[in-house]
Each structure stands twice: as C-alpha cells, then as structure tokens.
>>> print(open('input-v3.pdb').read())   # PDB, C-alpha atoms
ATOM      1  CA  MET N   1     165.139-164.628 122.210
ATOM      2  CA  PHE N   2     166.536-161.883 120.001
ATOM      3  CA  TYR N   3     169.686-160.113 121.167
ATOM      4  CA  PRO N   4     170.968-157.109 119.209
ATOM      5  CA  ASP N   5     174.622-157.454 118.184
ATOM      6  CA  SER N   6     175.652-154.730 120.592
ATOM      7  CA  PHE N   7     174.447-156.754 123.591
ATOM      8  CA  GLN N   8     177.285-158.781 125.019
ATOM      9  CA  VAL N   9     177.934-160.579 128.262
ATOM     10  CA  SER N  10     181.546-161.511 128.856
ATOM     11  CA  THR N  11     184.001-162.362 131.610
ATOM     12  CA  PRO N  12     187.107-160.151 131.196
ATOM     13  CA  SER N  13     188.783-161.722 134.242
ATOM     14  CA  ASP N  14     188.129-164.349 136.898
ATOM     15  CA  ARG N  15     186.599-161.695 139.138
ATOM     16  CA  GLU N  16     184.504-159.785 136.618
ATOM     17  CA  ILE N  17     181.341-160.017 134.567
ATOM     18  CA  GLN N  18     180.835-157.401 131.887
ATOM     19  CA  VAL N  19     177.638-156.421 130.092
ATOM     20  CA  THR N  20     177.709-154.007 127.137
ATOM     21  CA  ARG N  21     174.904-152.508 125.075
ATOM     22  CA  ASP N  22     174.389-149.641 122.592
ATOM     23  CA  PHE N  23     171.422-147.291 122.914
ATOM     24  CA  ASN N  24     170.090-145.033 120.203
ATOM     25  CA  ALA N  25     169.880-141.938 122.426
ATOM     26  CA  PRO N  26     172.048-139.076 123.665
ATOM     27  CA  ARG N  27     174.241-139.870 126.657
ATOM     28  CA  ARG N  28     172.417-137.318 128.828
ATOM     29  CA  LEU N  29     169.171-139.325 128.541
ATOM     30  CA  VAL N  30     170.851-142.697 129.030
ATOM     31  CA  PHE N  31     172.670-141.396 132.117
ATOM     32  CA  ASP N  32     169.351-140.138 133.552
ATOM     33  CA  ALA N  33     167.696-143.483 132.845
ATOM     34  CA  PHE N  34     170.442-145.244 134.836
ATOM     35  CA  THR N  35     170.539-142.864 137.798
ATOM     36  CA  LYS N  36     167.051-141.426 138.425
ATOM     37  CA  PRO N  37     164.731-143.648 140.469
ATOM     38  CA  GLU N  38     161.540-142.620 138.638
ATOM     39  CA  LEU N  39     163.181-143.750 135.375
ATOM     40  CA  ILE N  40     165.051-146.826 136.681
ATOM     41  CA  ARG N  41     161.904-148.424 138.067
ATOM     42  CA  ARG N  42     160.341-148.252 134.612
ATOM     43  CA  TRP N  43     162.931-150.433 132.908
ATOM     44  CA  LEU N  44     165.299-152.317 135.280
ATOM     45  CA  LEU N  45     162.758-155.068 135.804
ATOM     46  CA  GLY N  46     164.021-158.178 134.078
ATOM     47  CA  PRO N  47     161.454-160.608 132.682
ATOM     48  CA  PRO N  48     157.739-159.678 132.580
ATOM     49  CA  GLY N  49     155.873-160.071 135.868
ATOM     50  CA  TRP N  50     158.354-158.229 138.090
ATOM     51  CA  THR N  51     157.859-154.750 139.535
ATOM     52  CA  MET N  52     160.171-152.533 141.546
ATOM     53  CA  PRO N  53     158.272-151.342 144.634
ATOM     54  CA  VAL N  54     161.449-149.889 146.198
ATOM     55  CA  CYS N  55     163.924-147.778 144.243
ATOM     56  CA  GLU N  56     165.649-145.257 146.485
ATOM     57  CA  ILE N  57     168.788-143.412 145.476
ATOM     58  CA  ASP N  58     170.904-140.836 147.293
ATOM     59  CA  PHE N  59     172.979-139.941 144.253
ATOM     60  CA  ASN N  60     176.100-138.611 145.968
ATOM     61  CA  VAL N  61     179.498-140.127 146.669
ATOM     62  CA  GLY N  62     178.998-141.984 149.967
ATOM     63  CA  GLY N  63     175.221-141.989 149.399
ATOM     64  CA  THR N  64     173.277-145.259 149.381
ATOM     65  CA  TYR N  65     170.788-146.903 147.057
ATOM     66  CA  ARG N  66     168.238-149.630 147.670
ATOM     67  CA  TYR N  67     166.310-151.690 145.101
ATOM     68  CA  VAL N  68     163.609-154.265 145.803
ATOM     69  CA  TRP N  69     161.991-156.303 143.040
ATOM     70  CA  ARG N  70     158.731-158.157 143.470
ATOM     71  CA  ASN N  71     157.288-160.997 141.468
ATOM     72  CA  GLU N  72     153.602-160.094 141.204
ATOM     73  CA  ALA N  73     152.605-163.721 140.535
ATOM     74  CA  ASP N  74     153.944-165.292 143.750
ATOM     75  CA  GLY N  75     154.809-162.226 145.878
ATOM     76  CA  LYS N  76     158.468-163.236 146.074
ATOM     77  CA  GLU N  77     160.812-160.310 146.717
ATOM     78  CA  MET N  78     164.489-159.786 145.982
ATOM     79  CA  GLY N  79     166.406-156.864 147.439
ATOM     80  CA  MET N  80     169.833-155.349 146.961
ATOM     81  CA  GLY N  81     171.658-152.141 147.662
ATOM     82  CA  GLY N  82     174.988-150.434 148.118
ATOM     83  CA  VAL N  83     176.997-147.230 148.368
ATOM     84  CA  PHE N  84     178.147-144.858 145.604
ATOM     85  CA  ARG N  85     181.929-144.707 145.508
ATOM     86  CA  GLU N  86     182.521-142.500 142.487
ATOM     87  CA  ILE N  87     180.278-140.294 140.359
ATOM     88  CA  LEU N  88     181.490-138.531 137.232
ATOM     89  CA  ALA N  89     178.388-136.931 135.724
ATOM     90  CA  LEU N  90     177.436-138.361 132.304
ATOM     91  CA  GLU N  91     180.535-140.584 132.232
ATOM     92  CA  ARG N  92     181.027-143.018 135.042
ATOM     93  CA  VAL N  93     179.354-144.354 138.174
ATOM     94  CA  VAL N  94     180.972-146.761 140.633
ATOM     95  CA  ALA N  95     178.892-148.341 143.386
ATOM     96  CA  THR N  96     179.029-151.375 145.659
ATOM     97  CA  GLU N  97     176.329-154.029 145.391
ATOM     98  CA  LYS N  98     175.110-156.598 147.866
ATOM     99  CA  PHE N  99     172.039-158.783 147.535
ATOM    100  CA  ASP N 100     169.931-159.513 150.637
ATOM    101  CA  GLU N 101     170.163-163.225 149.956
ATOM    102  CA  SER N 102     173.533-163.260 148.347
ATOM    103  CA  TRP N 103     174.847-166.299 146.537
ATOM    104  CA  TYR N 104     178.416-164.948 146.629
ATOM    105  CA  PRO N 105     180.440-163.729 149.636
ATOM    106  CA  GLY N 106     181.089-160.063 150.347
ATOM    107  CA  GLU N 107     180.215-157.117 148.173
ATOM    108  CA  ALA N 108     180.742-156.657 144.483
ATOM    109  CA  LEU N 109     181.768-153.398 142.837
ATOM    110  CA  ASP N 110     179.746-152.183 139.846
ATOM    111  CA  THR N 111     181.281-149.763 137.370
ATOM    112  CA  THR N 112     179.007-148.288 134.701
ATOM    113  CA  VAL N 113     180.665-146.320 131.897
ATOM    114  CA  PHE N 114     178.731-144.190 129.376
ATOM    115  CA  VAL N 115     180.392-143.380 126.038
ATOM    116  CA  GLU N 116     178.683-141.278 123.353
ATOM    117  CA  ARG N 117     179.559-141.876 119.693
ATOM    118  CA  GLY N 118     177.451-139.850 117.293
ATOM    119  CA  GLU N 119     173.821-140.777 117.897
ATOM    120  CA  ILE N 120     174.739-143.845 119.930
ATOM    121  CA  THR N 121     175.515-144.204 123.615
ATOM    122  CA  LYS N 122     177.435-147.326 124.588
ATOM    123  CA  ILE N 123     177.191-148.487 128.164
ATOM    124  CA  THR N 124     179.531-150.955 129.806
ATOM    125  CA  ILE N 125     178.651-152.427 133.184
ATOM    126  CA  THR N 126     181.475-154.281 134.908
ATOM    127  CA  VAL N 127     180.797-156.204 138.100
ATOM    128  CA  LEU N 128     183.976-156.914 140.058
ATOM    129  CA  TYR N 129     183.641-159.537 142.746
ATOM    130  CA  GLU N 130     185.754-159.428 145.944
ATOM    131  CA  SER N 131     188.740-161.672 146.344
ATOM    132  CA  MET N 132     188.102-164.292 148.954
ATOM    133  CA  GLU N 133     190.005-166.059 151.664
ATOM    134  CA  ALA N 134     191.499-169.320 150.554
ATOM    135  CA  ARG N 135     188.968-171.458 152.319
ATOM    136  CA  ASP N 136     185.983-169.579 150.965
ATOM    137  CA  THR N 137     187.566-169.652 147.548
ATOM    138  CA  ALA N 138     187.795-173.412 147.672
ATOM    139  CA  ARG N 139     184.244-173.705 148.919
ATOM    140  CA  ARG N 140     182.389-171.076 146.948
ATOM    141  CA  SER N 141     184.363-169.712 144.042
ATOM    142  CA  GLY N 142     183.158-172.386 141.700
ATOM    143  CA  MET N 143     180.584-169.872 140.580
ATOM    144  CA  GLU N 144     183.053-167.104 139.716
ATOM    145  CA  ARG N 145     185.646-169.356 138.145
ATOM    146  CA  GLY N 146     182.928-171.306 136.483
ATOM    147  CA  MET N 147     181.411-168.128 135.124
ATOM    148  CA  ALA N 148     184.523-167.587 133.030
ATOM    149  CA  ALA N 149     184.210-171.120 131.783
ATOM    150  CA  GLY N 150     180.473-170.715 131.737
ATOM    151  CA  TYR N 151     180.009-167.701 129.554
ATOM    152  CA  ASN N 152     182.806-168.415 127.146
ATOM    153  CA  ARG N 153     182.673-172.146 127.007
ATOM    154  CA  LEU N 154     179.411-173.573 128.247
ATOM    155  CA  GLU N 155     177.574-172.516 125.116
ATOM    156  CA  GLU N 156     180.387-173.945 123.039
ATOM    157  CA  LEU N 157     180.174-177.207 124.953
ATOM    158  CA  LEU N 158     176.409-177.395 124.636
ATOM    159  CA  GLU N 159     176.717-176.872 120.889
ATOM    160  CA  THR N 160     179.259-179.678 120.639
ATOM    161  CA  MET N 161     177.010-181.885 122.710
ATOM    162  CA  GLN N 162     173.959-181.110 120.628
ATOM    163  CA  ALA N 163     175.923-181.892 117.479
ATOM    164  CA  GLY N 164     177.066-185.130 119.143
ATOM    165  CA  ALA N 165     173.543-186.091 120.164
ATOM    166  CA  ALA N 166     172.219-185.357 116.677
ATOM    167  CA  ARG N 167     174.777-187.626 115.058
TER     168      ARG N 167
ATOM    169  CA  MET R   1     172.592-179.948 147.686
ATOM    170  CA  ASN R   2     170.650-176.728 147.280
ATOM    171  CA  SER R   3     170.468-175.198 143.837
ATOM    172  CA  ALA R   4     173.233-172.620 144.485
ATOM    173  CA  SER R   5     175.805-175.193 145.608
ATOM    174  CA  ARG R   6     174.722-177.530 142.823
ATOM    175  CA  LEU R   7     175.447-174.722 140.364
ATOM    176  CA  ASP R   8     178.827-174.170 142.066
ATOM    177  CA  ALA R   9     179.677-177.837 141.639
ATOM    178  CA  THR R  10     178.582-177.807 138.003
ATOM    179  CA  PHE R  11     180.586-174.686 137.123
ATOM    180  CA  ALA R  12     183.652-175.939 139.023
ATOM    181  CA  ALA R  13     183.469-179.224 137.108
ATOM    182  CA  LEU R  14     183.131-177.331 133.832
ATOM    183  CA  SER R  15     186.144-175.082 134.510
ATOM    184  CA  ASP R  16     188.517-177.754 133.182
ATOM    185  CA  ALA R  17     189.106-178.356 129.464
ATOM    186  CA  THR R  18     189.629-182.117 129.813
ATOM    187  CA  ARG R  19     186.381-182.530 131.707
ATOM    188  CA  ARG R  20     184.491-180.544 129.085
ATOM    189  CA  ALA R  21     185.987-182.753 126.391
ATOM    190  CA  ILE R  22     184.954-185.857 128.339
ATOM    191  CA  LEU R  23     181.374-184.555 128.551
ATOM    192  CA  ALA R  24     181.363-183.783 124.839
ATOM    193  CA  ARG R  25     182.577-187.344 124.145
ATOM    194  CA  LEU R  26     179.898-188.822 126.424
ATOM    195  CA  ALA R  27     177.210-186.878 124.572
ATOM    196  CA  SER R  28     177.600-189.354 121.719
ATOM    197  CA  GLY R  29     177.262-192.391 123.994
ATOM    198  CA  GLU R  30     178.601-194.105 127.127
ATOM    199  CA  ALA R  31     182.270-195.035 127.357
ATOM    200  CA  SER R  32     184.776-196.885 129.540
ATOM    201  CA  VAL R  33     187.749-195.229 131.293
ATOM    202  CA  ASN R  34     189.993-196.824 128.675
ATOM    203  CA  GLU R  35     188.050-195.375 125.792
ATOM    204  CA  LEU R  36     187.990-191.974 127.450
ATOM    205  CA  ALA R  37     191.737-191.971 128.228
ATOM    206  CA  ARG R  38     192.793-192.763 124.652
ATOM    207  CA  PRO R  39     192.294-189.356 122.911
ATOM    208  CA  PHE R  40     193.760-187.359 125.820
ATOM    209  CA  SER R  41     197.190-189.017 126.173
ATOM    210  CA  MET R  42     196.485-189.132 129.901
ATOM    211  CA  SER R  43     196.870-191.986 132.341
ATOM    212  CA  GLN R  44     193.785-193.894 133.414
ATOM    213  CA  PRO R  45     194.140-192.724 137.047
ATOM    214  CA  ALA R  46     194.210-189.099 135.837
ATOM    215  CA  ILE R  47     191.043-189.659 133.800
ATOM    216  CA  SER R  48     189.461-191.448 136.776
ATOM    217  CA  LYS R  49     190.085-188.353 138.903
ATOM    218  CA  HIS R  50     188.243-186.194 136.373
ATOM    219  CA  LEU R  51     185.398-188.707 136.243
ATOM    220  CA  LYS R  52     185.083-188.543 140.039
ATOM    221  CA  VAL R  53     184.713-184.737 139.882
ATOM    222  CA  LEU R  54     182.090-185.051 137.140
ATOM    223  CA  GLU R  55     180.260-187.740 139.105
ATOM    224  CA  ARG R  56     180.223-185.650 142.305
ATOM    225  CA  ALA R  57     178.812-182.734 140.298
ATOM    226  CA  GLY R  58     176.068-185.072 139.089
ATOM    227  CA  LEU R  59     177.112-184.556 135.478
ATOM    228  CA  ILE R  60     177.761-188.239 134.846
ATOM    229  CA  SER R  61     176.807-191.535 136.393
ATOM    230  CA  ARG R  62     178.974-194.626 136.320
ATOM    231  CA  GLY R  63     178.004-198.252 135.913
ATOM    232  CA  ARG R  64     178.435-200.830 138.664
ATOM    233  CA  ASP R  65     180.285-203.384 136.536
ATOM    234  CA  ALA R  66     183.856-203.201 137.960
ATOM    235  CA  GLN R  67     185.364-204.507 134.720
ATOM    236  CA  ARG R  68     183.958-201.852 132.411
ATOM    237  CA  ARG R  69     182.561-199.061 134.612
ATOM    238  CA  LEU R  70     180.860-197.292 131.746
ATOM    239  CA  SER R  71     180.353-193.538 132.213
ATOM    240  CA  ARG R  72     177.108-191.978 131.089
ATOM    241  CA  LEU R  73     176.188-188.305 130.687
ATOM    242  CA  ASP R  74     173.490-186.805 132.916
ATOM    243  CA  ALA R  75     172.378-183.626 131.185
ATOM    244  CA  LYS R  76     170.149-182.155 133.921
ATOM    245  CA  PRO R  77     172.797-180.113 135.833
ATOM    246  CA  LEU R  78     174.117-178.805 132.518
ATOM    247  CA  ARG R  79     170.658-177.672 131.565
ATOM    248  CA  GLU R  80     170.303-175.934 134.945
ATOM    249  CA  ALA R  81     173.672-174.185 134.573
ATOM    250  CA  SER R  82     172.848-173.117 131.065
ATOM    251  CA  GLN R  83     169.474-171.874 132.250
ATOM    252  CA  TRP R  84     171.093-169.823 135.003
ATOM    253  CA  LEU R  85     173.374-168.095 132.465
ATOM    254  CA  ALA R  86     170.468-167.599 130.090
ATOM    255  CA  GLU R  87     168.428-165.993 132.879
ATOM    256  CA  TYR R  88     171.275-163.582 133.641
ATOM    257  CA  ARG R  89     171.395-162.564 129.961
ATOM    258  CA  GLN R  90     167.642-162.413 129.794
ATOM    259  CA  PHE R  91     167.314-160.187 132.855
ATOM    260  CA  TRP R  92     169.542-157.588 131.228
ATOM    261  CA  GLU R  93     168.250-157.878 127.711
ATOM    262  CA  THR R  94     164.555-157.697 128.579
ATOM    263  CA  SER R  95     165.380-154.690 130.769
ATOM    264  CA  PHE R  96     167.389-153.062 127.979
ATOM    265  CA  GLN R  97     164.597-153.553 125.452
ATOM    266  CA  ARG R  98     162.265-151.783 127.847
ATOM    267  CA  LEU R  99     164.872-149.022 128.200
ATOM    268  CA  ASP R 100     164.960-148.605 124.381
ATOM    269  CA  GLY R 101     161.254-147.733 124.531
ATOM    270  CA  LEU R 102     161.694-145.391 127.491
ATOM    271  CA  LEU R 103     164.564-143.536 125.758
ATOM    272  CA  ASP R 104     162.440-143.054 122.627
ATOM    273  CA  GLU R 105     159.763-141.556 124.834
ATOM    274  CA  LEU R 106     162.289-139.275 126.574
ATOM    275  CA  LYS R 107     163.661-138.112 123.205
ATOM    276  CA  THR R 108     160.151-137.198 122.021
ATOM    277  CA  THR R 109     159.463-135.316 125.245
ATOM    278  CA  ALA R 110     162.762-133.424 124.943
ATOM    279  CA  LYS R 111     161.864-132.362 121.380
ATOM    280  CA  LYS R 112     158.393-131.168 122.388
ATOM    281  CA  ARG R 113     159.927-129.200 125.211
ATOM    282  CA  LYS R 114     162.202-127.407 122.739
ATOM    283  CA  ARG R 115     159.300-126.622 120.387
ATOM    284  CA  ARG R 116     156.916-125.319 123.015
ATOM    285  CA  PRO R 117     159.005-123.918 125.860
ATOM    286  CA  ASN R 118     156.297-121.665 127.342
ATOM    287  CA  VAL R 119     153.765-124.509 127.668
ATOM    288  CA  LEU R 120     156.036-126.506 129.946
ATOM    289  CA  SER R 121     157.504-123.627 131.912
ATOM    290  CA  ARG R 122     154.071-122.590 133.087
TER     291      ARG R 122
END
>>> encode(input="input-v3.pdb", output="structure tokens")
Amino acid sequence: MFYPDSFQVSTPSDREIQVTRDFNAPRRLVFDAFTKPELIRRWLLGPPGWTMPVCEIDFNVGGTYRYVWRNEADGKEMGMGGVFREILALERVVATEKFDESWYPGEALDTTVFVERGEITKITITVLYESMEARDTARRSGMERGMAAGYNRLEELLETMQAGAAR
Amino acid sequence: MNSASRLDATFAALSDATRRAILARLASGEASVNELARPFSMSQPAISKHLKVLERAGLISRGRDAQRRLSRLDAKPLREASQWLAEYRQFWETSFQRLDGLLDELKTTAKKRKRRPNVLSR
C-alpha cells in the first residue's frame, strides 16, 4: 500500500491518536468535504466494498451527527455518532464520537484542524479518549496504552523480528 | 478470549520494552530463562514474570521440561495486532485517496462556475 509522506498516524499521548494528511486543494473545499453529508458519504468509506447509507449532520454547536457504514458483501453494518462541541468555520471542528459497538469505554473527543499553506491544506485529526476509572483502566486500557507502543514500536519490533527470522 | 480482549492482552504485553526485547530475541529461536535473563541484567524471577505476561497474551509458549523450560515465539497474536493497526491506517488512507479525487472534481466545478456564472445561476 502506498502512503504519501504527508499521511501520518501517531500517538501524541497515552489518550490520543492523531492522523495528519495534506490535500492539494483550498481549505474551503476541504472543510466542505469534511462537514457536508453529501460530500462525506462519497469519500469517508474506508476499504472498497463499504457504503455509507446513513450520513446525517446537524452542523451546529450542540447538534448531532450519525454515520452508518455497510459492507455490501455481507450486509454487516457499523454505526457511530456524536455531538458537535465547537465549530470554527474553515478552521476547527470538535465533536464527540461513540461507536454503537464500542471497543473502548465512554466517548472519545475528535478535533479536526484545517490549516491552509499556499495551495495545500493540512488536516490534523486528533482523537482524545476519556480517562477511565482505575478498575476499567486495568481491565481495558491495554488498547490505549498499547496503541502508543503499537504505533511507535510494533512496526519497529516486527522489523527486528523479520530481520531475526531472516538470519 | 474474543478478538477485542485478545488485542488488549497483546498490546498490554507489548507496552513494555523488556518484553519487546524478549520477543525480538525469541524471533531468532527458542531460549531458556537463563539465556533470556543474561542480556537484560535482570534476575531470573523478574524475567519469569515477563514470560508469564507474554504467555498469557498467547505471544509465547513454554516447554514442559522443568529443567530448561524453553520459551518459543507464537507470532499469530502479533500478526493480528499488526493487522488491526494496518486496518486503521488503511481505513483513513483509502478514504483520503478517494477524497483527493473528490477535491479535484470540486476544484474543476468551482472553476467552471467562475467561467460561466449565468449558466449555473439559471
């Protein structure tokens, strides 16, 4: 799989995942593509084979959104939604996110920032996961803590292991 | 274990530098607790604790022979964890590539609109 250099997934803290990407378009268009349902459902689809039968957005602070994806091969559906907390036109959108069948407790907070530099618009999506009660942390936080290890170190480890296996 | 809690266990096991080093060592062949303890300047009981975590996460299996108790790497959970991360990347990147195409289309439309304002305002 080819990833352009500008595409990066990182873990700035134990509670965050950050995705960045540059787009060769004015910020106004990129902002529309991220906030208008008729545009979102044309691209936010993941791997081939998925469609987005539900994409409803009340684009106001306190307004809600609801996304449902559907795998056309097996009919499996995945839904999520949340509430807009902050909207700064063309610059910044903050919204909560919760998946219907969530693999992490509570809600996460998504912050999307749009920065225009010349012809390029850079977007940064930061997902901040809730802090958890001690017990839940012990039971479930392996994912979040592991993500930090995962993103930054799993690949490194796998490379070492492949080199080891090849020896 | 379902796949989500198996992933939890794998990531939790991988969150420690010593355990990652142990896995990297085991990638080149099985080893005893003694052999594993040597490069880490750690006591055998401390290494044994790490091995127990790795074993519970299904990342290694350990031999029955009480004298040697050789540890062996089991790569399947690692592959699953790596696949999960790859899928997360892939979801975004395939979506973003589609968005590149959509933005090109929107740019073209915006230009046409500028050139022929009266056609579209009708």
>>> interface_residues(input="input-v3.pdb", of="chain R", to="chain N", cutoff="10 Å", atoms="all atoms listed in the file", output="count of residues only")
52
>>> residues_around(input="input-v3.pdb", residues="range 79-95 of chain N", least_positions_apart="2", cutoff="7 Å", atoms="all atoms listed in the file", output="PyMOL selection string")
chain N and resi 27-28+31+60-69+77+97-100+109-115
>>> atom_distance(input="input-v3.pdb", atom1="CA of Arg41 in chain N", atom2="CA of Thr108 in chain R")
19.7 Å
>>> atom_distance(input="input-v3.pdb", atom1="CA of Thr96 in chain N", atom2="CA of Pro12 in chain N")
18.7 Å
>>> residues_around(input="input-v3.pdb", residues="Ser71 in chain R", least_positions_apart="2", cutoff="7 Å", atoms="all atoms listed in the file", output="ChimeraX atom specification")
/R:30-32,60-63,69,73
>>> write_last_selection(input="input-v3.pdb", atoms="C-alpha atoms", output="mmCIF file, in the frame of the given file")
data_model
loop_
_atom_site.group_PDB
_atom_site.id
_atom_site.type_symbol
_atom_site.label_atom_id
_atom_site.label_comp_id
_atom_site.auth_asym_id
_atom_site.auth_seq_id
_atom_site.Cartn_x
_atom_site.Cartn_y
_atom_site.Cartn_z
ATOM 1 C CA GLU R 30 178.601 -194.105 127.127
ATOM 2 C CA ALA R 31 182.270 -195.035 127.357
ATOM 3 C CA SER R 32 184.776 -196.885 129.540
ATOM 4 C CA ILE R 60 177.761 -188.239 134.846
ATOM 5 C CA SER R 61 176.807 -191.535 136.393
ATOM 6 C CA ARG R 62 178.974 -194.626 136.320
ATOM 7 C CA GLY R 63 178.004 -198.252 135.913
ATOM 8 C CA ARG R 69 182.561 -199.061 134.612
ATOM 9 C CA LEU R 73 176.188 -188.305 130.687
#
>>> atom_distance(input="input-v3.pdb", atom1="CA of Arg68 in chain R", atom2="CA of Val33 in chain R")
7.7 Å
>>> closest_residue(input="input-v3.pdb", among="N:Lys122, N:Lys36, N:Arg117, N:Arg15", to="Asp58 in chain N", atoms="only C-alpha atoms")
N:Lys36
